[in-house]
Each structure stands twice: as structure tokens, then as C-alpha cells.
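Take a look at the structure below.
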Amino acid sequence: PGCATVPAATESAGTVAQTDTAPVEQRRPNIIFIMSDDHAQSAISAYGTEIGRLAPTPNIDRIAKNGALFENSYVTNSLCGPARATMLTGQFSHMHGFTQNGQKFDNSQWNWVRELGASGYDTALFGKWHLNYSPEGAGIDDWAVLDDQGKYYNPDIITPDGRSVVEGYATDLVTDRSLAWLDGRAGSDKPFALLIHHKAPHRNFMPALRHVQKYIGTEFPVPTNYFDHYDGRPAAAAQEMNIYRDMYEGHDLKMTVEEGSRELRFNPWTDDFARMTPEQREAYFGALQPGNDAMNAADMSDREMAIWKYQRYMHEYLGTVAAVDDSVGRVLDWLENSGEADNTIVIYTSDQGFYLGEHGWFDKRFMYEESLRTPLVMQYPGHIAPGTRIGAPVQNVDYAPTFLDYAGLPERGTIQGRSLREVVDGTPPSDWRDAIYYHYYEYPGFHSVRAHYGVKQGRYKLMRFYGDIDQWEFYDLQTDPNEMRNRIDDPRMKDEIARMKDKLEELRRQYRDSDGPAVDAPIGDEVAMAKGRH
Ligand code: SGN
Ligand code: CA
């Protein structure tokens with residue numbers, strides 16, 4: 001163990017040659033890729049008091065202390081399925097074709113895990129997959145996945161042998177399987193790539209029993225724009241992801257119908273609670289009952305109720321994060337105890353960011369900061385200096401080429417991202433990107449967020465919402481970090497807007513995205529807009 005050497009060259013992978021006695025510097029690192037679902041940067045303390053303002057995550061922070069934290073880490077399309085396909089292929093949504101949830105990922109496409117496997121890595125995946133079929137055919141050696149979105153309690157788990165209900169808490173079950181897999185390969189001298197994909201903190205935000213009480217009684221700061229009126233932002237006004245209006249009071253917030261009752265308010269997906277054992281239900285809802293009774297007894301104004309809901313949301317969401325953080329701690333402990341830590345790259349990220357009350361919202365999808373950003377920390381002892389902070393803009397298209405690079409495999413022309421290796425080494429290439437491109441598609445769909453594309457460069461962001469509306473938005477993040485003031489019609493911004501439109505056009509050309517209206521198609525010009533579609 002610990003000596004993951006470069007294996008004999010294989011035709012399929014075109015790897016570098018090696019011998020069993022390869023010197024240490026030629027050993028290929030193990031990779032542990034930990035990804036949660038819907039984890040906002042604001043719920044990671046390593047992101048500092050300004051961004052990571054909400055709750056401590058000591059174990060995720062350990063990765064940042066041991067290695068690097070990316071201050072400007074972004075997704076390409078803030079939605080689960082598309083983001084996962086992007087991480088696997090290193091491509092934007094329009095290239096790998098998985099633009100919206102519910103589509104089926106074309107597994108015959110190249111992905112980095114299969115490539116590493118072909119070059120001699122042992123590969124495994126545990127947790128949420130969500131690409132609309134089992135990972136069979138994706139070229140991953142060992143796997144066990146949560147069915148679809150996954151359930152927090154007693155989830156259905158699908159393995160090559162079939163499906164079964166497994167008693168326990170999803171985050172812990174996924175961690176147990178991951179560690180058992182690592183234990184099971186003790187003695188192997190092959191390198192490994194292990195993907196640990198948590199369901200948490202995705203809706204419906206159910207903490208482990210040991211954490212249900214954790215934040216009850218804590219009052220979290222209500223975002224200053226919680227009662228946003230969306231002036232000048234019609235797409236933002238039209239969404240259905242408002243905490244106080246759109247969250248399901250039973251399903252998400254676990255609110256009961258009256259004082260003394262355990263009966264939940266409206267809950268469209270009863271299965272989440274019905275599948276719990278009576279003991280789990282008792283412990284879980286028993287912990288929430290005093291808060292529910294007090295809420296029902298109080299005569300709250302709409303505004304007070306909106307704030308109550310925000311607090312309940314935080315208690316539940318951050319409670320689920322606590323178990324994810326425990327899981328990261330167990331993985332890091334395993335690495336340290338097994339002696340593998342020095343030869344292993346560990347990454348923690350999420351499939352996208354999330355709103356924790358900013359603009360009044362939960363969910364993601366918009367190109368506004370909270371869901372455009374995604375957490376990214378990475379350690380590789382001896383290779384990445386402890387406490388490194390990376391300011392360069394990076395995107396989830398960069399993960400696949402990074403893994404290829406560290407595994408000593410050749411670059412691939414189909415990949416649209418770039419390896420992060422020189423960036424974390426402190427010598428970023430001089431032509432590193434200075435702007436990022438984004439494109440969201442899923443409309444009509446859950447939460448009614450209009451399709452849009454956009455560019456962020458330095459302090460400015462330009463986006464265009466299209467479809468049944470056609471609306472440009474422009475923000476100066478330096479003076480308006482919460483994106484409350486759309487300055488698209490501000491004459492003082494005319495030159496900046498023109499420059500950003502050029503940049504947007506340039507990026508669409510560079511990444512070969514012709515989906516949606518062409519940048520220069522005027523509002524309402526259906527012909528020009530159609531030209532831009534394919
Ligand atoms: C579910 C959620 C939505 C969420 C989507 C996509 N509803 O449909 O709120 O936006 O997943 O999330 S739920 O109550 O059924 O969970 S994603 O992370 O998979 O993209
Ligand atoms: Ca997600």
C-alpha cells in the first residue's frame with residue numbers, strides 16, 4: 001500500500017512506460033473526489049467570515065489547511081445532472097449533450113474515470129449518480145449508488161447485484177461503503193480513484209439523528225436581501241424558489257398543522273418520512289416538536305413567519321452539512337492512519353452552489369453568485385503548499401483534465417477545461433482564462449428559472465435570459481455584490497457592457513456554443529434568434 005506506481009503502458013490509454021521499481025517521483029497519486037449536492041460556499045467555514053459565514057465545517061477546512069482553497073470556483077450550468085456530466089467529460093453542457101436534469105447521459109462518451117481505470121487505476125463510485133441510469137457502462141470498477149436523487153433515511157441503494165433498501169443515514173452509508181472499499185484493497189499496489197458523492201445537503205434537508213438538535217436555538221443572520229422585490233430583474237421575479245412562498249411546509253420545513261400535533265403540513269413526497277423506522281421518526285420529529293408547537297402557538301405576522309422559515313431551513317440544511325463534514329473527517333483520518341495521505345489527492349466540491357436565503361431563495365440555477373460559485377478545496381501533501389489560496393477563476397470543466405495531468409495521461413482535445421496543476425503549484429499559465437462562461441437551460445422546469453447564458457469577468461457580469469422573455473442583466477459586483485441593481489440601461493455602463501458583449505461572443509465562439517439566441521440578435525428579433533439555435 002502507498003506505492004501506487006505507474007503501470008505498464010496499455011494501448012488503450014497510451015500511458016507512459018514504467019517498471020515495477022519506478023522511483024518514488026513516478027508514482028501516480030490516488031484520487032479521492034468528494035462531492036456533495038447543493039453545498040453553498042457560504043456553508044463552509046474555510047471560505048472565511050464574509051462568504052463562509054454560516055456554520056463550522058472543521059473537516060472540510062482541514063483540506064483547505066493542508067492544501068488549496070479556490071476563492072473563485074464556478075460551475076458552467078448550476079444544475080445536478082449537467083454539472084456531473086461536465087465533471088466527467090471536461091465539457092460544457094452543449095458539448096456532452098446533458099443540458100437538463102431528466103435527460104440520459106450518453107455513457108459512450110469519454111470520461112476521466114474510465115480513462116484512469118484503463119491506465120491501471122482501481123476505480124469506484126459510492127453515492128448519488130443522477131445521470132438517469134446506473135453507472136454500468138461508465139467504466140467504473142465498483143459502485144453502489146443511491147436511487148435517483150437519493151433518500152436521507154433508509155435509502156434504496158443500487159449495486160451491480162440489484163436494488164435494496166438499506167437501513168441507516170445516507171451520508172453515513174455512503175461513507176461506510178467508501179471506507180470498506182478502501183480497506184478491501186489494502187495491499188494492492190495499484191493507484192485508485194474513489195468518487196464519494198453525497199446526497200446531502202440537497203432537498204429535503206434531513207439531518208442525521210445526531211445532528212437534528214445541533215442548530216436548534218441558533219439564530220442565523222437573515223440575508224440583507226431576503227425580502228428582495230426583484231426590481232429591474234423580471235427573470236428573478238418570475239422564479240418559484242422563494243423560501244417563504246414556494247418551500248413545502250411539510251416536506252422541506254417539517255412544519256406541523258397545529259400545536260401538539262405531529263401531522264405535517266403539505267408534503268407532496270410522503271415517502272421521505274414513511275420509510276423511516278418508528279424510532280427514527282420519533283427521534284427526528286420529537287426534536288422538532290417544541291419548535292413546531294411554539295410556531296403554531298405564536299401569532300406571527302407574514303414577515304415573522306418568513307423569518308421563522310428561514311431559521312428552520314438553516315437548522316435543517318446546516319444539520320445535514322454536519323454529517324458531510326464528519327464523513328470528510330473519517331476519510332482524512334483513514335488516509336492518515338493508512339499512510340496513504342501523502343500519495344493521495346483529495347478534492348471536496350459540490351455539484352453547484354445554493355441559495356441560503358439570498359434574494360429570499362433556496363435552490364440554484366441562476367448565474368447569480370451564490371449558485372454560480374461552488375466550493376473547491378484540494379490537498380496533495382508535498383505538492384500543494386498548505387494554506388494556498390487560489391484567486392484564478394476555475395470551473396468544473398477543469399477537473400477532468402486535472403486528474404489526467406496528475407495521472408500522467410495525455411491531454412485530450414475534446415476537453416474544454418484546463419488542468420489546475422500549475423495553478424495550484426503557484427505558477428499559473430500566463431494565458432489562464434480571465435473570464436468564465438455559463439449557460440443554464442432547464443425551462444420550463446422545477447422552480448421556473450428562465451434559460452440564460454452569460455459571462456463573468458473581474459468585477460462585471462453580463463447575462464441574457466431568453467425563451468419566453470428576452471432580458472439582459474449587467475452587474476458591477478464591486479459596488480453591488482448582492483446583484484440587486486441591474487445596470488443594463490445605465491448609460492455610464494455603456495462601454496463596459498459593449499466590451500462584455502464582445503467577450504460573451506468570444507467565449508461562445510471559443511466553446512462552440514450556438515444554443516440560445518446569438519449575442520447580437522436584437523430583442524424580439526425571432527429570425528436572428530432562431531439563427532443562433534440549433
Ligand atoms: C428535485 C428537487 C428540486 C431541485 C431538483 C434538482 N425537488 O426535483 O427542488 O431543484 O431536484 O436538483 S425535491 O423536493 O423532489 O427534492 S438537482 O440537485 O438534482 O439538480
Ligand atoms: Ca445539486
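Each chain in the C-alpha cells gets a letter, A, B and so on, in the order shown; residues start at 1 in every chain, and ligands are counted from 1 in the order they appear.
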
message: Could you list the protein, DNA and RNA residues that have any atom within 9 Å of ligand 1, counting only C-alpha atoms and all ligand atoms, and write them as a count of residues only?
response: 34

- request: Using only C-alpha atoms, determine which residues lie at most 6 Å from region 431-442 of chain A, disregarding the query and same-chain residues fewer than 4 positions distant; provide the list as a PyMOL selection string.
  value: chain A and resi 76-77+100+451-457

field: Residue neighbourhood Asn296 (chain A), 8 Å, only C-alpha atoms, exclusion window fewer than 5 positions, as a PyMOL selection string
entry: chain A and resi 256-259

Where does region 230-293 of chain A meet region 215-226 of chain A within 10 Å, residue by residue, with the nearest atom pair and distance in Å to one decimal for each, counting only C-alpha atoms, listed by chain and rising number, as JSON lines?
{"residue": "A:Tyr230", "atom": "CA", "partner": "A:Asn225", "partner_atom": "CA", "distance": 9.7}
{"residue": "A:Asn242", "atom": "CA", "partner": "A:Tyr226", "partner_atom": "CA", "distance": 9.4}
{"residue": "A:Ile243", "atom": "CA", "partner": "A:Tyr226", "partner_atom": "CA", "distance": 9.2}
{"residue": "A:Tyr244", "atom": "CA", "partner": "A:Tyr226", "partner_atom": "CA", "distance": 9.8}
{"residue": "A:Ala287", "atom": "CA", "partner": "A:Ile216", "partner_atom": "CA", "distance": 8.8}
{"residue": "A:Leu288", "atom": "CA", "partner": "A:Ile216", "partner_atom": "CA", "distance": 8.3}
{"residue": "A:Pro290", "atom": "CA", "partner": "A:Ile216", "partner_atom": "CA", "distance": 10.0}
{"residue": "A:Gly291", "atom": "CA", "partner": "A:Ile216", "partner_atom": "CA", "distance": 8.2}

Just all heavy atoms for this one: save the residues we selected as an mmCIF file, in the first residue's frame.
data_model
loop_
_atom_site.group_PDB
_atom_site.id
_atom_site.type_symbol
_atom_site.label_atom_id
_atom_site.label_comp_id
_atom_site.auth_asym_id
_atom_site.auth_seq_id
_atom_site.Cartn_x
_atom_site.Cartn_y
_atom_site.Cartn_z
ATOM 1 N N TYR A 230 -36.995 42.224 -6.469
ATOM 2 C CA TYR A 230 -36.582 41.880 -7.846
ATOM 3 C C TYR A 230 -36.840 43.005 -8.849
ATOM 4 O O TYR A 230 -37.075 42.756 -10.037
ATOM 5 C CB TYR A 230 -37.277 40.580 -8.311
ATOM 6 C CG TYR A 230 -37.308 39.506 -7.238
ATOM 7 C CD1 TYR A 230 -38.510 39.069 -6.685
ATOM 8 C CD2 TYR A 230 -36.121 38.949 -6.761
ATOM 9 C CE1 TYR A 230 -38.532 38.103 -5.680
ATOM 10 C CE2 TYR A 230 -36.140 37.986 -5.753
ATOM 11 C CZ TYR A 230 -37.359 37.570 -5.219
ATOM 12 O OH TYR A 230 -37.365 36.634 -4.223
ATOM 13 N N ASN A 242 -38.808 30.626 -3.778
ATOM 14 C CA ASN A 242 -38.810 31.519 -2.637
ATOM 15 C C ASN A 242 -39.059 30.719 -1.349
ATOM 16 O O ASN A 242 -39.983 29.915 -1.300
ATOM 17 C CB ASN A 242 -39.922 32.547 -2.858
ATOM 18 C CG ASN A 242 -39.804 33.672 -1.891
ATOM 19 O OD1 ASN A 242 -40.021 33.461 -0.710
ATOM 20 N ND2 ASN A 242 -39.456 34.845 -2.364
ATOM 21 N N ILE A 243 -38.247 30.956 -0.348
ATOM 22 C CA ILE A 243 -38.370 30.180 0.891
ATOM 23 C C ILE A 243 -39.753 30.349 1.508
ATOM 24 O O ILE A 243 -40.400 29.384 1.897
ATOM 25 C CB ILE A 243 -37.276 30.594 1.899
ATOM 26 C CG1 ILE A 243 -35.906 30.161 1.395
ATOM 27 C CG2 ILE A 243 -37.550 30.011 3.287
ATOM 28 C CD1 ILE A 243 -34.742 30.735 2.173
ATOM 29 N N TYR A 244 -40.199 31.582 1.623
ATOM 30 C CA TYR A 244 -41.458 31.789 2.351
ATOM 31 C C TYR A 244 -42.691 31.561 1.503
ATOM 32 O O TYR A 244 -43.792 31.482 2.017
ATOM 33 C CB TYR A 244 -41.510 33.149 3.053
ATOM 34 C CG TYR A 244 -41.082 34.354 2.241
ATOM 35 C CD1 TYR A 244 -42.007 35.099 1.539
ATOM 36 C CD2 TYR A 244 -39.743 34.743 2.223
ATOM 37 C CE1 TYR A 244 -41.613 36.215 0.814
ATOM 38 C CE2 TYR A 244 -39.341 35.849 1.491
ATOM 39 C CZ TYR A 244 -40.279 36.584 0.787
ATOM 40 O OH TYR A 244 -39.880 37.670 0.069
ATOM 41 N N ALA A 287 -37.550 15.898 18.166
ATOM 42 C CA ALA A 287 -36.607 17.017 18.307
ATOM 43 C C ALA A 287 -37.199 18.312 17.748
ATOM 44 O O ALA A 287 -36.913 19.405 18.244
ATOM 45 C CB ALA A 287 -35.306 16.682 17.595
ATOM 46 N N LEU A 288 -38.018 18.182 16.705
ATOM 47 C CA LEU A 288 -38.565 19.394 16.078
ATOM 48 C C LEU A 288 -39.861 19.878 16.725
ATOM 49 O O LEU A 288 -40.300 21.005 16.515
ATOM 50 C CB LEU A 288 -38.821 19.143 14.584
ATOM 51 C CG LEU A 288 -37.588 18.830 13.735
ATOM 52 C CD1 LEU A 288 -37.993 18.625 12.276
ATOM 53 C CD2 LEU A 288 -36.557 19.949 13.812
ATOM 54 N N PRO A 290 -40.920 20.837 19.837
ATOM 55 C CA PRO A 290 -41.029 22.092 20.614
ATOM 56 C C PRO A 290 -41.046 23.330 19.710
ATOM 57 O O PRO A 290 -41.843 24.249 19.930
ATOM 58 C CB PRO A 290 -39.792 22.068 21.511
ATOM 59 C CG PRO A 290 -39.435 20.611 21.629
ATOM 60 C CD PRO A 290 -39.806 19.996 20.305
ATOM 61 N N GLY A 291 -40.205 23.320 18.694
ATOM 62 C CA GLY A 291 -40.164 24.459 17.770
ATOM 63 C C GLY A 291 -41.460 24.575 16.984
ATOM 64 O O GLY A 291 -41.978 25.677 16.767
#

message: Env of region 182-186 of chain A: 10 Å cut, atoms = only C-alpha atoms, seq-sep filter 5 positions within chain, self excluded. Answer as JSON, numbers by chain.
response: {"A": [1, 2, 122, 124, 176, 177, 192, 194, 331, 334, 335, 338]}

Can those selected residues be exported to a file as an mmCIF file, in the first residue's frame so that it contains N, CA, C and O atoms?
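Heads up, here's the output in out-v9.cif:
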data_model
loop_
_atom_site.group_PDB
_atom_site.id
_atom_site.type_symbol
_atom_site.label_atom_id
_atom_site.label_comp_id
_atom_site.auth_asym_id
_atom_site.auth_seq_id
_atom_site.Cartn_x
_atom_site.Cartn_y
_atom_site.Cartn_z
ATOM 1 N N PRO A 1 0.831 -1.199 0.000
ATOM 2 C CA PRO A 1 0.000 0.000 0.000
ATOM 3 C C PRO A 1 0.864 1.246 0.000
ATOM 4 O O PRO A 1 1.947 1.252 0.551
ATOM 5 N N GLY A 2 0.354 2.259 -0.601
ATOM 6 C CA GLY A 2 1.105 3.514 -0.594
ATOM 7 C C GLY A 2 2.005 3.630 -1.803
ATOM 8 O O GLY A 2 2.460 4.702 -2.125
ATOM 9 N N ASP A 122 -7.529 1.469 -9.934
ATOM 10 C CA ASP A 122 -8.765 0.886 -9.433
ATOM 11 C C ASP A 122 -9.743 2.041 -9.272
ATOM 12 O O ASP A 122 -9.375 3.091 -8.723
ATOM 13 N N ALA A 124 -13.815 3.477 -8.223
ATOM 14 C CA ALA A 124 -15.072 3.179 -7.522
ATOM 15 C C ALA A 124 -15.882 4.451 -7.312
ATOM 16 O O ALA A 124 -15.329 5.556 -7.237
ATOM 17 N N ASP A 176 -19.434 4.686 4.870
ATOM 18 C CA ASP A 176 -19.074 3.321 5.290
ATOM 19 C C ASP A 176 -18.627 2.498 4.077
ATOM 20 O O ASP A 176 -17.627 1.787 4.136
ATOM 21 N N ARG A 177 -19.399 2.585 3.012
ATOM 22 C CA ARG A 177 -19.046 1.788 1.822
ATOM 23 C C ARG A 177 -17.726 2.228 1.230
ATOM 24 O O ARG A 177 -16.940 1.411 0.750
ATOM 25 N N PHE A 192 -5.586 4.320 -6.968
ATOM 26 C CA PHE A 192 -7.048 4.259 -7.062
ATOM 27 C C PHE A 192 -7.654 5.639 -7.267
ATOM 28 O O PHE A 192 -7.041 6.660 -6.932
ATOM 29 N N LEU A 194 -11.339 7.180 -6.211
ATOM 30 C CA LEU A 194 -12.572 6.900 -5.473
ATOM 31 C C LEU A 194 -13.450 8.140 -5.500
ATOM 32 O O LEU A 194 -13.011 9.227 -5.121
ATOM 33 N N VAL A 331 -12.724 10.152 6.212
ATOM 34 C CA VAL A 331 -11.881 9.830 5.043
ATOM 35 C C VAL A 331 -10.450 10.326 5.271
ATOM 36 O O VAL A 331 -9.475 9.603 5.032
ATOM 37 N N TRP A 334 -8.765 8.148 7.749
ATOM 38 C CA TRP A 334 -8.380 6.870 7.119
ATOM 39 C C TRP A 334 -7.065 7.035 6.360
ATOM 40 O O TRP A 334 -6.156 6.203 6.470
ATOM 41 N N LEU A 335 -6.967 8.116 5.607
ATOM 42 C CA LEU A 335 -5.756 8.340 4.815
ATOM 43 C C LEU A 335 -4.534 8.501 5.717
ATOM 44 O O LEU A 335 -3.471 7.934 5.447
ATOM 45 N N SER A 338 -3.638 5.121 7.376
ATOM 46 C CA SER A 338 -3.182 4.061 6.467
ATOM 47 C C SER A 338 -1.839 4.397 5.830
ATOM 48 O O SER A 338 -1.261 3.581 5.121
#

Which of region 22-76 of chain A DSSP labels strand (DSSP E or B), written as a CSV table (one decimal) with all heavy atoms, in the first residue's frame:
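Writing the result to out.csv gives the following:
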chain,number,residue,atom,x,y,z
A,30,ASN,N,-3.1,8.6,-5.8
A,30,ASN,CA,-4.5,8.2,-5.7
A,30,ASN,C,-5.4,9.5,-5.8
A,30,ASN,O,-4.9,10.6,-5.5
A,30,ASN,CB,-4.8,7.6,-4.3
A,30,ASN,CG,-3.9,6.4,-4.1
A,30,ASN,OD1,-3.7,5.5,-4.9
A,30,ASN,ND2,-3.2,6.4,-2.9
A,31,ILE,N,-6.6,9.3,-6.1
A,31,ILE,CA,-7.5,10.5,-6.1
A,31,ILE,C,-8.8,10.1,-5.3
A,31,ILE,O,-9.4,9.1,-5.6
A,31,ILE,CB,-7.9,10.8,-7.6
A,31,ILE,CG1,-6.7,11.3,-8.3
A,31,ILE,CG2,-9.0,11.8,-7.6
A,31,ILE,CD1,-6.8,11.3,-9.8
A,32,ILE,N,-9.1,11.0,-4.4
A,32,ILE,CA,-10.4,10.9,-3.7
A,32,ILE,C,-11.2,12.1,-4.0
A,32,ILE,O,-10.8,13.2,-3.7
A,32,ILE,CB,-10.3,10.7,-2.2
A,32,ILE,CG1,-9.5,9.3,-1.9
A,32,ILE,CG2,-11.7,10.6,-1.5
A,32,ILE,CD1,-9.5,8.9,-0.5
A,33,PHE,N,-12.3,11.9,-4.8
A,33,PHE,CA,-13.1,13.0,-5.2
A,33,PHE,C,-14.4,13.0,-4.4
A,33,PHE,O,-15.2,12.1,-4.6
A,33,PHE,CB,-13.4,12.9,-6.7
A,33,PHE,CG,-14.2,13.9,-7.3
A,33,PHE,CD1,-13.7,15.2,-7.6
A,33,PHE,CD2,-15.6,13.7,-7.6
A,33,PHE,CE1,-14.5,16.1,-8.2
A,33,PHE,CE2,-16.4,14.7,-8.1
A,33,PHE,CZ,-15.8,15.9,-8.4
A,34,ILE,N,-14.5,14.0,-3.5
A,34,ILE,CA,-15.7,14.0,-2.6
A,34,ILE,C,-16.6,15.1,-3.2
A,34,ILE,O,-16.2,16.3,-3.2
A,34,ILE,CB,-15.4,14.3,-1.2
A,34,ILE,CG1,-14.3,13.3,-0.7
A,34,ILE,CG2,-16.6,14.1,-0.3
A,34,ILE,CD1,-13.7,13.6,0.7
A,35,MET,N,-17.8,14.8,-3.5
A,35,MET,CA,-18.7,15.8,-4.0
A,35,MET,C,-20.0,15.7,-3.2
A,35,MET,O,-20.6,14.6,-3.1
A,35,MET,CB,-19.0,15.6,-5.5
A,35,MET,CG,-20.1,16.6,-6.0
A,35,MET,SD,-20.2,16.5,-7.8
A,35,MET,CE,-20.6,14.8,-8.0
A,36,SER,N,-20.5,16.8,-2.7
A,36,SER,CA,-21.8,16.8,-2.1
A,36,SER,C,-22.8,17.4,-3.1
A,36,SER,O,-22.4,17.8,-4.2
A,36,SER,CB,-21.8,17.6,-0.8
A,36,SER,OG,-21.3,18.9,-1.1
A,68,ALA,N,-5.1,23.6,-0.9
A,68,ALA,CA,-5.5,24.8,-1.5
A,68,ALA,C,-7.0,25.1,-1.4
A,68,ALA,O,-7.8,24.1,-1.5
A,68,ALA,CB,-5.2,24.8,-3.0
A,69,LEU,N,-7.4,26.3,-1.3
A,69,LEU,CA,-8.8,26.7,-1.4
A,69,LEU,C,-9.0,27.6,-2.6
A,69,LEU,O,-8.2,28.6,-2.8
A,69,LEU,CB,-9.3,27.5,-0.2
A,69,LEU,CG,-10.7,28.0,-0.2
A,69,LEU,CD1,-11.3,27.8,1.2
A,69,LEU,CD2,-10.8,29.5,-0.6
A,70,PHE,N,-9.9,27.3,-3.5
A,70,PHE,CA,-10.2,28.1,-4.7
A,70,PHE,C,-11.2,29.2,-4.3
A,70,PHE,O,-12.4,28.9,-4.1
A,70,PHE,CB,-10.7,27.2,-5.8
A,70,PHE,CG,-9.6,26.3,-6.3
A,70,PHE,CD1,-9.3,25.1,-5.6
A,70,PHE,CD2,-8.8,26.6,-7.4
A,70,PHE,CE1,-8.3,24.3,-6.0
A,70,PHE,CE2,-7.8,25.7,-7.9
A,70,PHE,CZ,-7.6,24.6,-7.2
A,73,SER,N,-14.3,29.7,-7.7
A,73,SER,CA,-14.6,28.4,-8.3
A,73,SER,C,-16.0,28.4,-8.7
A,73,SER,O,-16.9,28.7,-7.9
A,73,SER,CB,-14.3,27.3,-7.2
A,73,SER,OG,-15.2,26.2,-7.4
A,74,TYR,N,-16.3,28.1,-10.0
A,74,TYR,CA,-17.6,28.3,-10.6
A,74,TYR,C,-18.0,27.0,-11.4
A,74,TYR,O,-17.2,26.2,-11.8
A,74,TYR,CB,-17.6,29.4,-11.6
A,74,TYR,CG,-17.1,30.7,-11.1
A,74,TYR,CD1,-15.8,31.2,-11.3
A,74,TYR,CD2,-17.9,31.5,-10.2
A,74,TYR,CE1,-15.4,32.4,-10.8
A,74,TYR,CE2,-17.5,32.7,-9.7
A,74,TYR,CZ,-16.2,33.2,-10.0
A,74,TYR,OH,-15.8,34.4,-9.5

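Each of A:Ser371, A:Asn66, A:Asn267, A:Ser164 was compared to ligand 2 using only C-alpha atoms and all ligand atoms, and A:Ser371 turns out to be the nearest.
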
message: If I take CA of Trp472 (chain A) and CA of Glu240 (chain A), how far is one from the other in Å, to one decimal?
response: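 CA of Glu240 (chain A) lies at a distance of 20.0 Å from CA of Trp472 (chain A).
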
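In this comparison, which uses only C-alpha atoms and all ligand atoms, the residue of A:Leu88, A:Leu179, A:Ala200, A:Ala46 approaching ligand 2 most closely is A:Ala200.
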
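Interatomic distance, CA of Asp333 (chain A) against CA of Gly319 (chain A): 21.6 Å.
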
field: Spatial neighbours of Ala208 (chain A), max dist 7 Å, only C-alpha atoms, sep filter under 4 positions, as JSON, numbers by chain
entry: {"A": [169, 212, 320, 323]}

- prompt: When you draw a straight line from CA of Ile345 (chain A) to CA of Ile384 (chain A), how long is it in Å?
  reply: 9.6 Å

field: All alpha helix (DSSP H) residues (DSSP, backbone) inside region 254-285 of chain A, as a PyMOL selection string
entry: chain A and resi 271-274+278-285

field: Counting only C-alpha atoms and all ligand atoms, the residue of A:Gly353, A:Pro444, A:Gly329, A:Pro160 that sits nearest ligand 2
entry: A:Gly353

message: For a quick check of understanding, using only C-alpha atoms, which of A:Arg163, A:Lys309, A:His198, A:Lys501 has the smallest distance to Gly250 (chain A)?
response: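 Closest to Gly250 (chain A) of all the choices is A:Lys309.
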
- prompt: Which is closer to ligand 2 than all the others in A:Tyr284, A:Phe92, A:Tyr153, A:Trp129, using only C-alpha atoms and all ligand atoms?
  reply: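 Of the candidates, the smallest distance to ligand 2 is held by A:Trp129.
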
task: Check the smallest atom-to-atom distance from each of A:Asn72, A:Lys128, A:Asp156, A:Ala43 to ligand 2 using only C-alpha atoms and all ligand atoms, then report the winner.
output: A:Lys128
